[in-house]
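Data from target_27.txt: compact mmCIF, C-alpha atoms
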# COMPACT_ATOMS: atom_id res chain seq x y z
CA MET A 1 1.66 -28.37 2.19
CA GLY A 2 0.72 -29.00 -1.42
CA LYS A 3 2.71 -28.22 -4.55
CA VAL A 4 1.75 -25.69 -7.20
CA ASP A 5 3.61 -25.50 -10.51
CA VAL A 6 4.26 -22.03 -11.91
CA GLY A 7 5.14 -21.58 -15.57
CA GLY A 8 5.86 -24.26 -18.14
CA GLY A 9 2.26 -24.44 -19.28
CA ALA A 10 0.80 -24.81 -15.77
CA PRO A 11 -2.50 -23.02 -15.08
CA VAL A 12 -2.20 -19.42 -13.89
CA SER A 13 -2.24 -19.51 -10.08
CA VAL A 14 -3.66 -17.00 -7.61
CA GLN A 15 -1.66 -15.72 -4.67
CA SER A 16 -2.29 -13.53 -1.67
CA MET A 17 -0.44 -12.46 1.45
CA THR A 18 -1.34 -12.77 5.10
CA THR A 19 -1.95 -9.61 7.12
CA THR A 20 -1.40 -11.21 10.52
CA GLN A 21 1.79 -10.97 12.53
CA THR A 22 3.77 -14.03 11.40
CA THR A 23 4.74 -14.67 15.02
CA ASP A 24 1.04 -15.26 15.68
CA ILE A 25 1.21 -18.78 14.32
CA ASN A 26 -2.40 -19.75 15.04
CA GLY A 27 -3.79 -16.50 13.68
CA THR A 28 -1.67 -16.80 10.56
CA LEU A 29 -2.72 -20.39 9.97
CA GLN A 30 -6.37 -19.44 10.43
CA GLN A 31 -6.03 -16.74 7.80
CA ILE A 32 -4.24 -19.17 5.47
CA ALA A 33 -7.12 -21.62 5.95
CA ALA A 34 -9.62 -18.92 4.99
CA LEU A 35 -7.55 -18.06 1.92
CA THR A 36 -7.35 -21.73 0.98
CA ALA A 37 -11.12 -22.08 1.27
CA ALA A 38 -11.54 -19.03 -1.00
CA GLY A 39 -9.43 -20.70 -3.71
CA CYS A 40 -5.98 -19.24 -3.03
CA ASP A 41 -3.21 -21.39 -4.52
CA ILE A 42 -0.12 -19.89 -2.88
CA VAL A 43 0.28 -17.68 0.19
CA ARG A 44 3.05 -15.29 1.18
CA VAL A 45 3.98 -14.35 4.74
CA ALA A 46 6.14 -11.46 5.91
CA VAL A 47 9.44 -12.14 7.66
CA PRO A 48 10.77 -8.83 8.99
CA THR A 49 12.25 -10.19 12.26
CA THR A 50 14.08 -13.16 13.71
CA ASP A 51 10.96 -14.20 15.63
CA ASP A 52 9.03 -14.30 12.35
CA ALA A 53 11.71 -16.50 10.84
CA VAL A 54 11.45 -18.88 13.79
CA ALA A 55 7.66 -19.14 13.27
CA LEU A 56 8.02 -20.17 9.63
CA LYS A 57 8.59 -23.86 10.24
CA ALA A 58 5.29 -24.39 12.05
CA ILE A 59 3.41 -22.35 9.45
CA ALA A 60 5.00 -24.03 6.43
CA THR A 61 4.41 -27.48 7.93
CA LYS A 62 0.72 -26.99 8.73
CA SER A 63 -0.38 -24.87 5.77
CA GLN A 64 -2.46 -26.67 3.15
CA ILE A 65 -1.02 -24.51 0.36
CA PRO A 66 2.59 -23.58 -0.45
CA VAL A 67 4.06 -20.84 1.75
CA ILE A 68 6.38 -18.16 0.39
CA ALA A 69 8.57 -16.24 2.80
CA ASP A 70 8.74 -12.52 2.00
CA ILE A 71 12.26 -11.27 2.74
CA HIS A 72 13.63 -7.74 2.81
CA PHE A 73 16.84 -6.14 4.10
CA GLN A 74 18.37 -9.14 5.93
CA PRO A 75 19.78 -11.98 3.79
CA LYS A 76 20.03 -14.24 6.84
CA TYR A 77 16.25 -14.61 6.75
CA VAL A 78 16.49 -16.10 3.26
CA PHE A 79 18.50 -18.99 4.64
CA ALA A 80 16.19 -19.28 7.65
CA ALA A 81 13.15 -19.58 5.35
CA ILE A 82 14.84 -22.25 3.27
CA ASP A 83 15.75 -24.20 6.41
CA ALA A 84 12.16 -23.83 7.69
CA GLY A 85 10.77 -25.70 4.69
CA CYS A 86 9.05 -22.86 2.86
CA ALA A 87 8.12 -23.73 -0.71
CA ALA A 88 9.66 -20.51 -2.02
CA VAL A 89 11.33 -17.32 -0.96
CA ARG A 90 10.59 -13.85 -2.35
CA VAL A 91 13.65 -11.59 -2.36
CA ASN A 92 13.90 -7.95 -3.38
CA PRO A 93 17.49 -7.44 -4.54
CA GLY A 94 17.03 -3.67 -4.39
CA ASN A 95 16.85 -3.60 -0.61
CA ILE A 96 18.75 -6.68 0.59
CA ARG A 97 22.19 -5.73 1.84
CA LYS A 98 25.03 -7.00 -0.35
CA PHE A 99 22.56 -9.28 -2.13
CA ASP A 100 24.66 -9.68 -5.28
CA ASP A 101 27.56 -11.01 -3.21
CA GLN A 102 25.41 -13.76 -1.69
CA VAL A 103 23.58 -15.07 -4.73
CA LYS A 104 25.83 -18.14 -4.97
CA GLU A 105 25.14 -19.17 -1.38
CA ILE A 106 21.42 -18.53 -1.74
CA ALA A 107 21.27 -20.49 -4.99
CA ASN A 108 23.11 -23.45 -3.51
CA ALA A 109 20.94 -23.52 -0.38
CA ALA A 110 17.72 -23.24 -2.39
CA ARG A 111 18.81 -25.91 -4.86
CA ASP A 112 19.74 -28.35 -2.10
CA ALA A 113 16.37 -27.84 -0.40
CA GLY A 114 14.26 -27.82 -3.59
CA VAL A 115 13.09 -24.27 -2.86
CA SER A 116 12.25 -21.80 -5.60
CA ILE A 117 13.03 -18.08 -5.57
CA ARG A 118 11.02 -15.07 -6.70
CA ILE A 119 13.08 -12.12 -7.77
CA GLY A 120 10.69 -9.34 -6.79
CA VAL A 121 11.57 -5.95 -8.25
CA ASN A 122 9.39 -3.08 -7.01
CA ALA A 123 9.18 0.53 -8.13
CA GLY A 124 9.25 1.65 -4.51
CA SER A 125 12.48 -0.16 -3.67
CA LEU A 126 14.50 -0.23 -6.86
CA ASP A 127 18.27 -0.69 -6.73
CA PRO A 128 19.79 2.80 -6.06
CA ARG A 129 22.22 2.27 -8.93
CA LEU A 130 19.37 2.02 -11.41
CA LEU A 131 17.46 4.90 -9.89
CA ALA A 132 20.54 7.03 -10.45
CA LYS A 133 20.82 5.81 -14.03
CA TYR A 134 17.19 6.24 -15.09
CA GLY A 135 16.04 8.95 -12.71
CA LYS A 136 12.93 7.02 -11.68
CA ALA A 137 11.35 3.57 -11.84
CA THR A 138 10.78 3.35 -15.59
CA PRO A 139 9.83 0.08 -17.29
CA GLU A 140 13.38 -0.13 -18.58
CA ALA A 141 14.84 0.34 -15.09
CA LEU A 142 12.63 -2.37 -13.60
CA VAL A 143 13.51 -4.80 -16.36
CA GLU A 144 17.24 -4.09 -16.21
CA SER A 145 17.21 -4.83 -12.48
CA ALA A 146 15.31 -8.07 -12.94
CA VAL A 147 17.41 -9.34 -15.83
CA TRP A 148 20.63 -8.53 -14.00
CA GLU A 149 19.60 -10.44 -10.89
CA ALA A 150 18.33 -13.36 -12.97
CA SER A 151 21.69 -13.56 -14.71
CA LEU A 152 23.46 -13.82 -11.36
CA PHE A 153 21.40 -16.90 -10.44
CA GLU A 154 21.84 -18.38 -13.90
CA GLU A 155 25.62 -17.98 -13.63
CA HIS A 156 25.47 -20.43 -10.76
CA GLY A 157 23.27 -22.88 -12.64
CA PHE A 158 20.12 -21.99 -10.70
CA HIS A 159 16.99 -21.63 -12.81
CA ASP A 160 14.16 -22.41 -10.40
CA PHE A 161 12.98 -18.83 -10.07
CA LYS A 162 10.25 -16.50 -11.24
CA ILE A 163 10.35 -12.74 -11.67
CA SER A 164 8.07 -9.83 -10.90
CA VAL A 165 8.49 -6.18 -11.93
CA LYS A 166 5.70 -4.40 -10.08
CA HIS A 167 4.60 -0.79 -10.29
CA ASN A 168 1.54 1.08 -8.97
CA ASP A 169 0.82 2.51 -12.44
CA PRO A 170 -0.75 -0.22 -14.60
CA VAL A 171 0.54 1.37 -17.81
CA ILE A 172 4.15 1.29 -16.61
CA MET A 173 3.64 -2.16 -15.12
CA VAL A 174 2.24 -3.61 -18.36
CA ARG A 175 5.10 -2.17 -20.40
CA ALA A 176 7.67 -3.54 -17.96
CA TYR A 177 6.29 -7.06 -18.23
CA GLU A 178 6.09 -6.80 -22.01
CA LEU A 179 9.76 -5.82 -22.15
CA LEU A 180 10.69 -8.53 -19.65
CA SER A 181 8.89 -11.23 -21.63
CA GLU A 182 10.94 -10.21 -24.67
CA ARG A 183 14.20 -10.64 -22.77
CA GLY A 184 13.73 -14.21 -21.62
CA ASP A 185 11.38 -17.10 -21.01
CA TRP A 186 11.12 -16.89 -17.24
CA PRO A 187 7.92 -17.61 -15.27
CA LEU A 188 6.39 -14.25 -14.39
CA HIS A 189 4.48 -13.19 -11.29
CA LEU A 190 2.06 -10.37 -12.15
CA GLY A 191 1.08 -7.62 -9.77
CA VAL A 192 0.11 -3.96 -9.65
CA THR A 193 1.73 -3.04 -6.38
CA GLU A 194 -0.04 -0.71 -3.95
CA ALA A 195 -3.06 -0.86 -6.25
CA GLY A 196 -5.27 0.89 -3.69
CA PRO A 197 -8.67 0.35 -2.05
CA ALA A 198 -10.90 -2.47 -3.26
CA PHE A 199 -12.67 -0.67 -6.10
CA GLN A 200 -9.68 1.18 -7.49
CA GLY A 201 -7.32 -1.74 -7.00
CA THR A 202 -9.69 -4.15 -8.71
CA ILE A 203 -9.94 -1.89 -11.77
CA LYS A 204 -6.18 -1.39 -11.95
CA SER A 205 -5.42 -5.09 -11.56
CA ALA A 206 -8.09 -6.28 -13.98
CA THR A 207 -6.89 -3.79 -16.59
CA ALA A 208 -3.23 -4.74 -16.28
CA PHE A 209 -3.73 -8.49 -15.93
CA GLY A 210 -6.19 -8.60 -18.81
CA ALA A 211 -3.75 -6.77 -21.09
CA LEU A 212 -0.92 -9.17 -20.24
CA LEU A 213 -2.67 -12.51 -19.78
CA SER A 214 -4.56 -12.08 -23.06
CA LYS A 215 -1.12 -12.03 -24.72
CA GLY A 216 0.05 -15.10 -22.84
CA ILE A 217 2.25 -13.07 -20.46
CA GLY A 218 2.03 -14.13 -16.82
CA ASP A 219 2.03 -17.36 -14.84
CA THR A 220 0.84 -16.39 -11.37
CA ILE A 221 -0.97 -13.31 -10.05
CA ARG A 222 -1.53 -11.37 -6.86
CA VAL A 223 -4.21 -8.68 -6.67
CA SER A 224 -2.87 -6.16 -4.15
CA LEU A 225 -5.80 -4.49 -2.41
CA SER A 226 -6.22 -2.39 0.71
CA ALA A 227 -8.83 -4.96 1.72
CA PRO A 228 -8.99 -8.35 3.46
CA PRO A 229 -6.78 -10.93 1.68
CA VAL A 230 -9.76 -13.15 0.83
CA GLU A 231 -11.09 -10.30 -1.32
CA GLU A 232 -7.83 -10.33 -3.28
CA VAL A 233 -8.33 -14.00 -4.02
CA LYS A 234 -11.94 -13.53 -5.10
CA VAL A 235 -10.95 -10.77 -7.51
CA GLY A 236 -8.03 -12.77 -8.87
CA ILE A 237 -10.15 -15.82 -9.51
CA GLN A 238 -12.83 -13.73 -11.19
CA ILE A 239 -10.25 -12.13 -13.48
CA LEU A 240 -8.99 -15.55 -14.55
CA GLN A 241 -12.52 -16.83 -15.09
CA SER A 242 -13.38 -13.76 -17.17
CA LEU A 243 -10.38 -14.51 -19.41
CA ASN A 244 -11.37 -18.20 -19.64
CA LEU A 245 -8.14 -19.11 -17.88
CA ARG A 246 -10.15 -20.92 -15.21
CA PRO A 247 -13.42 -22.80 -15.59
CA ARG A 248 -16.29 -20.42 -14.92
CA LYS A 249 -18.46 -21.28 -11.96
CA LEU A 250 -21.49 -19.32 -10.86
CA GLU A 251 -21.88 -16.29 -13.12
CA ILE A 252 -24.58 -13.69 -12.74
CA VAL A 253 -25.38 -11.78 -15.92
CA SER A 254 -27.49 -8.71 -15.29
CA CYS A 255 -28.35 -5.58 -17.24
CA PRO A 256 -27.26 -2.13 -16.04
CA SER A 257 -30.91 -1.03 -16.11
CA CYS A 258 -32.29 1.90 -18.07
CA GLY A 259 -35.53 3.77 -18.66
CA ARG A 260 -37.02 0.68 -20.33
CA ALA A 261 -36.77 -1.42 -17.16
CA GLN A 262 -40.08 -2.16 -15.48
CA VAL A 263 -38.56 -3.78 -12.38
CA ASP A 264 -35.85 -2.86 -9.86
CA VAL A 265 -33.02 -4.75 -11.57
CA TYR A 266 -30.44 -3.70 -8.98
CA SER A 267 -32.43 -5.25 -6.17
CA LEU A 268 -33.23 -8.40 -8.15
CA ALA A 269 -29.58 -8.98 -9.06
CA GLU A 270 -28.36 -8.39 -5.50
CA ARG A 271 -30.97 -10.67 -3.95
CA VAL A 272 -30.33 -13.48 -6.44
CA THR A 273 -26.57 -13.14 -5.92
CA ALA A 274 -26.99 -13.31 -2.15
CA GLY A 275 -29.34 -16.28 -2.41
CA LEU A 276 -26.86 -18.26 -4.52
CA GLU A 277 -23.75 -17.38 -2.55
CA GLY A 278 -21.58 -20.44 -2.11
CA LEU A 279 -23.03 -22.30 -5.08
CA ASP A 280 -19.98 -24.02 -6.52
CA VAL A 281 -21.08 -25.18 -9.96
CA PRO A 282 -20.53 -23.72 -13.47
CA LEU A 283 -23.95 -22.09 -13.73
CA ARG A 284 -24.81 -18.93 -15.64
CA VAL A 285 -27.83 -17.01 -14.43
CA ALA A 286 -29.29 -14.01 -16.29
CA VAL A 287 -31.44 -11.42 -14.55
CA MET A 288 -32.93 -9.07 -17.13
CA GLY A 289 -35.24 -6.12 -16.63
CA CYS A 290 -36.90 -5.30 -19.95
CA VAL A 291 -38.49 -6.90 -22.99
CA VAL A 292 -35.87 -5.60 -25.45
CA ASN A 293 -32.71 -7.54 -24.53
CA GLY A 294 -34.21 -9.58 -21.72
CA PRO A 295 -35.66 -12.59 -23.57
CA GLY A 296 -32.56 -13.03 -25.74
CA GLU A 297 -30.12 -12.87 -22.83
CA ALA A 298 -32.31 -15.12 -20.70
CA ARG A 299 -32.42 -17.73 -23.46
CA GLU A 300 -28.61 -17.70 -23.78
CA ALA A 301 -28.11 -18.40 -20.09
CA ASP A 302 -28.56 -21.70 -18.30
CA LEU A 303 -31.21 -20.01 -16.21
CA GLY A 304 -32.70 -16.59 -16.69
CA VAL A 305 -35.58 -14.23 -16.19
CA ALA A 306 -37.01 -11.58 -18.51
CA SER A 307 -39.00 -9.17 -16.39
CA GLY A 308 -41.76 -6.71 -17.22
CA ASN A 309 -45.43 -5.85 -16.71
CA GLY A 310 -45.34 -7.08 -13.13
CA LYS A 311 -44.18 -10.60 -13.96
CA GLY A 312 -41.14 -12.59 -15.00
CA GLN A 313 -40.67 -15.24 -17.66
CA ILE A 314 -38.35 -17.94 -16.33
CA PHE A 315 -36.08 -19.57 -18.90
CA VAL A 316 -34.16 -22.83 -18.43
CA LYS A 317 -31.76 -23.82 -21.20
CA GLY A 318 -33.45 -21.44 -23.63
CA GLU A 319 -37.01 -22.54 -22.97
CA ILE A 320 -39.73 -20.73 -21.01
CA VAL A 321 -40.67 -23.01 -18.14
CA LYS A 322 -43.01 -20.73 -16.22
CA THR A 323 -44.22 -17.18 -15.74
CA VAL A 324 -44.38 -15.89 -12.17
CA PRO A 325 -45.49 -12.66 -10.46
CA GLU A 326 -42.72 -10.13 -9.89
CA ALA A 327 -42.77 -10.81 -6.16
CA MET A 328 -41.81 -14.46 -6.81
CA ILE A 329 -38.96 -13.91 -9.29
CA VAL A 330 -36.12 -14.15 -6.81
CA GLU A 331 -37.55 -17.14 -4.96
CA THR A 332 -38.20 -18.96 -8.23
CA LEU A 333 -34.75 -18.29 -9.66
CA ILE A 334 -33.05 -19.54 -6.52
CA GLU A 335 -35.18 -22.70 -6.47
CA GLU A 336 -34.48 -23.41 -10.14
CA ALA A 337 -30.76 -22.70 -9.74
CA LEU A 338 -30.48 -25.13 -6.83
CA ARG A 339 -32.44 -27.74 -8.75
CA ILE A 340 -30.19 -27.40 -11.80
CA ALA A 341 -27.07 -27.45 -9.62
CA ALA A 342 -28.19 -30.65 -7.91
CA THR A 343 -28.77 -32.26 -11.30
CA MET A 344 -25.37 -31.14 -12.56
CA GLU A 345 -23.60 -32.52 -9.50
CA LYS A 346 -25.25 -35.88 -10.00
CA THR A 347 -24.69 -36.23 -13.71
CA SER A 348 -21.40 -34.54 -14.45
CA GLU A 349 -18.05 -33.56 -13.02
CA GLY A 350 -17.83 -30.66 -15.48
CA GLY A 351 -20.24 -28.90 -17.76
CA GLY A 352 -21.29 -25.32 -17.55
CA ALA A 353 -24.25 -23.14 -16.84
CA THR A 354 -24.89 -19.41 -16.83
CA VAL A 355 -27.38 -17.36 -14.91
CA THR A 356 -28.09 -13.84 -16.18
CA VAL A 357 -29.69 -11.06 -14.16
CA GLY A 358 -30.63 -7.90 -16.02
As structure tokens - that is how I would like this structure written.
Amino acid sequence: MGKVDVGGGAPVSVQSMTTTQTTDINGTLQQIAALTAAGCDIVRVAVPTTDDAVALKAIATKSQIPVIADIHFQPKYVFAAIDAGCAAVRVNPGNIRKFDDQVKEIANAARDAGVSIRIGVNAGSLDPRLLAKYGKATPEALVESAVWEASLFEEHGFHDFKISVKHNDPVIMVRAYELLSERGDWPLHLGVTEAGPAFQGTIKSATAFGALLSKGIGDTIRVSLSAPPVEEVKVGIQILQSLNLRPRKLEIVSCPSCGRAQVDVYSLAERVTAGLEGLDVPLRVAVMGCVVNGPGEAREADLGVASGNGKGQIFVKGEIVKTVPEAMIVETLIEEALRIAATMEKTSEGGGATVTVG
């Protein structure tokens, strides 16, 4: 199991959570392997039962990325996760019985084992005392809960923790993190909880993360989608790349199409994207469908096409290299992209390229 730094200037990391039963050790490890291959940095597993806690050791030992145990209700599972060798433990003080009374023991056990803690405050399971005070899960209520629990750990000299204050409303969530960042310099885990199905959840998460990360608020993220976990990772990575917080890899730039388009841009973009799936180099490809913006966008990309009049002008690094019939645009772009990628892999560890489709 590798190590991933969170906070202190480390790159923003991407997390997800397994959907398997944790007691299904092989199934859970297979899903973790798929998440790792997709670029996930840290994975969280649920621990609702004693049998799940028993399974943690095998999972934490064999996982290629750090494993976080997700604990609710029973504090005994916190200690079990620490003993199992998990890299971190997520606790929700709002629903762990007599949590405040056991902070000292948890802090000492975590410190001795070199395990970090995430104080995870959620709108749906806020401390009843704060719900009574504020009436609902306001940004102020979420922050007060988080700061209070952080202070309990700090009283015992434990500082190896990060904080999250999640809400399903991105406006409330953003305000909560803004307030929290003003209260202290803790590493922050960003998340719009229960964000929804893939499309809705992606929009919510991108909106909230963009607002916060562009201000330097946030150290690790989890995109919560009602979708396979690998999709969460893909969206998270794309958000970070869009904010230049991760090196951009393959990027397809394509126009939304309009009445000026003389080709089926939607089909071109989809077919080029499918043909280049798995290409792991910083290449920007532009697929453009008209003579107004097409040539300019195609020139700006590493590889591009400006389409019209039944043909496509192929650009490489700003220069027209060939003109092909419309039926050969996709085939030609894929061939050129693979050729450029092969050259990049031979000559450089870094660099960048853009492909635009429009």
Please determine, counting all atoms listed in the file, which residue among A:Arg44, A:Ile334, A:Phe153, A:Gly85 has the shortest atom-to-atom distance to Ala274 in chain A. A:Ile334
Taking (17.4, -15.6, -17.0) in the coordinates of the supplied file, I want to know which residues reach to within 10 Å of it, counting only C-alpha atoms; could you give the answer as a list in words? Ala146, Val147, Trp148, Glu149, Ala150, Ser151, Leu152, Phe153, Glu154, Glu155, Phe158, His159, Phe161, Lys162, Ile163, Arg183, Gly184, Asp185, Trp186 and Pro187 of chain A
Writer output for current selection, C-alpha atoms, as a CSV table (one decimal), keeping the file's coordinate frame:
chain,number,residue,atom,x,y,z
A,146,ALA,CA,15.3,-8.1,-12.9
A,147,VAL,CA,17.4,-9.3,-15.8
A,148,TRP,CA,20.6,-8.5,-14.0
A,149,GLU,CA,19.6,-10.4,-10.9
A,150,ALA,CA,18.3,-13.4,-13.0
A,151,SER,CA,21.7,-13.6,-14.7
A,152,LEU,CA,23.5,-13.8,-11.4
A,153,PHE,CA,21.4,-16.9,-10.4
A,154,GLU,CA,21.8,-18.4,-13.9
A,155,GLU,CA,25.6,-18.0,-13.6
A,158,PHE,CA,20.1,-22.0,-10.7
A,159,HIS,CA,17.0,-21.6,-12.8
A,161,PHE,CA,13.0,-18.8,-10.1
A,162,LYS,CA,10.2,-16.5,-11.2
A,163,ILE,CA,10.4,-12.7,-11.7
A,183,ARG,CA,14.2,-10.6,-22.8
A,184,GLY,CA,13.7,-14.2,-21.6
A,185,ASP,CA,11.4,-17.1,-21.0
A,186,TRP,CA,11.1,-16.9,-17.2
A,187,PRO,CA,7.9,-17.6,-15.3
Quick one: pull the distance between CA of Ala110 in chain A and CA of Ala80 in chain A, Å, one decimal. 10.9 Å
Give me the residues near Arg97 in chain A as a list in words, where near means some atom within 10 Å (using all atoms listed in the file) and where sequence neighbours in that chain fewer than 6 positions away do not count.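 In the requested format, the answer is His72, Phe73, Gln74 and Pro75 of chain A.
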I need the chosen residues saved as a tab-separated table (two decimals), in the coordinates of the input, with C-alpha atoms.
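out33.tsv was written with the following content:
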chain	number	residue	atom	x	y	z
A	72	HIS	CA	13.63	-7.74	2.81
A	73	PHE	CA	16.84	-6.14	4.10
A	74	GLN	CA	18.37	-9.14	5.93
A	75	PRO	CA	19.78	-11.98	3.79
Fewer than 5 positions away in the same chain doesn't count, so skip those; otherwise give me all residues within 9 Å of Asn122 in chain A, counting only C-alpha atoms, as an MDAnalysis selection string. chainID A and resid 92 94 137 142 164:167 193
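Near Glu277 in chain A, within 12 Å and counting only C-alpha atoms, sit A:Lys249, A:Leu250, A:Glu251, A:Ile252, A:Glu270, A:Arg271, A:Val272, A:Thr273, A:Ala274, A:Gly275, A:Leu279, A:Asp280, A:Val281, A:Ile334, A:Ala337, A:Leu338, not including residues fewer than 2 positions from it in the same chain.
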Mind writing the picked residues with C-alpha atoms as a CSV table (one decimal), in the frame of the given file?
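Result file follows (part_6.csv):
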chain,number,residue,atom,x,y,z
A,249,LYS,CA,-18.5,-21.3,-12.0
A,250,LEU,CA,-21.5,-19.3,-10.9
A,251,GLU,CA,-21.9,-16.3,-13.1
A,252,ILE,CA,-24.6,-13.7,-12.7
A,270,GLU,CA,-28.4,-8.4,-5.5
A,271,ARG,CA,-31.0,-10.7,-4.0
A,272,VAL,CA,-30.3,-13.5,-6.4
A,273,THR,CA,-26.6,-13.1,-5.9
A,274,ALA,CA,-27.0,-13.3,-2.2
A,275,GLY,CA,-29.3,-16.3,-2.4
A,279,LEU,CA,-23.0,-22.3,-5.1
A,280,ASP,CA,-20.0,-24.0,-6.5
A,281,VAL,CA,-21.1,-25.2,-10.0
A,334,ILE,CA,-33.0,-19.5,-6.5
A,337,ALA,CA,-30.8,-22.7,-9.7
A,338,LEU,CA,-30.5,-25.1,-6.8
Give the answer as one residue: which of A:Lys62, A:Lys57, A:His189, A:Lys234 has the shortest atom-to-atom distance to Ile117 in chain A, using all atoms listed in the file?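 Of A:Lys62, A:Lys57, A:His189, A:Lys234, the one nearest Ile117 in chain A is A:His189, counting all atoms listed in the file.
With all atoms listed in the file as the atoms that count, the residue of A:Thr23, A:Thr220, A:Asn168, A:Gln102 with the shortest distance to Lys204 in chain A is A:Asn168.
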Applying 8 Å and only C-alpha atoms, which residues near Asp219 in chain A remain after dropping the ones on its own chain fewer than 4 positions away? List them as a VMD selection string. chain A and resid 6 to 7 10 to 13 187 to 190
At most 6 Å from (22.7, -17.4, -7.0), file frame, all atoms listed in the file: which residues, as number ranges by chain? A: 103-104, 106-107, 152-153, 156
May I have the centre and edge lengths, in Å to one decimal, of an axis-aligned box around the listed atoms of range 153-162 of chain A with 6 Å added to every side, as AutoDock Vina command-line options?
--center_x 17.9 --center_y -19.7 --center_z -12.0 --size_x 27.4 --size_y 18.4 --size_z 15.8
What is the CA of Ser224 in chain A to CA of Val43 in chain A distance in Å?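 Separation between CA of Ser224 in chain A and CA of Val43 in chain A: 12.7 Å.
In this model, the gap between CA of Phe79 in chain A and CA of Ala58 in chain A comes to 16.1 Å.
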For Pro228 in chain A, which of A:Gly8, A:Pro256, A:Pro197, A:Gly120 is the closest residue, counting all atoms listed in the file?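 Smallest distance to Pro228 in chain A is found for A:Pro197.
Residue neighbourhood of Leu245 in chain A, excluding near-sequence residues (fewer than 3 positions): Gly9, Ala10, Pro11, Val12, Ser13, Val14, Phe209, Gly210, Leu213, Ser214, Gly216, Gly218, Asp219, Thr220, Gly236, Ile237, Gln238, Ile239, Leu240, Gln241, Ser242 and Arg248 of chain A, at 12 Å, using only C-alpha atoms.
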Pick the closest to Gln30 in chain A from A:Gly312, A:Ser63, A:Thr138, A:Arg90: which is it, counting all atoms listed in the file? A:Ser63
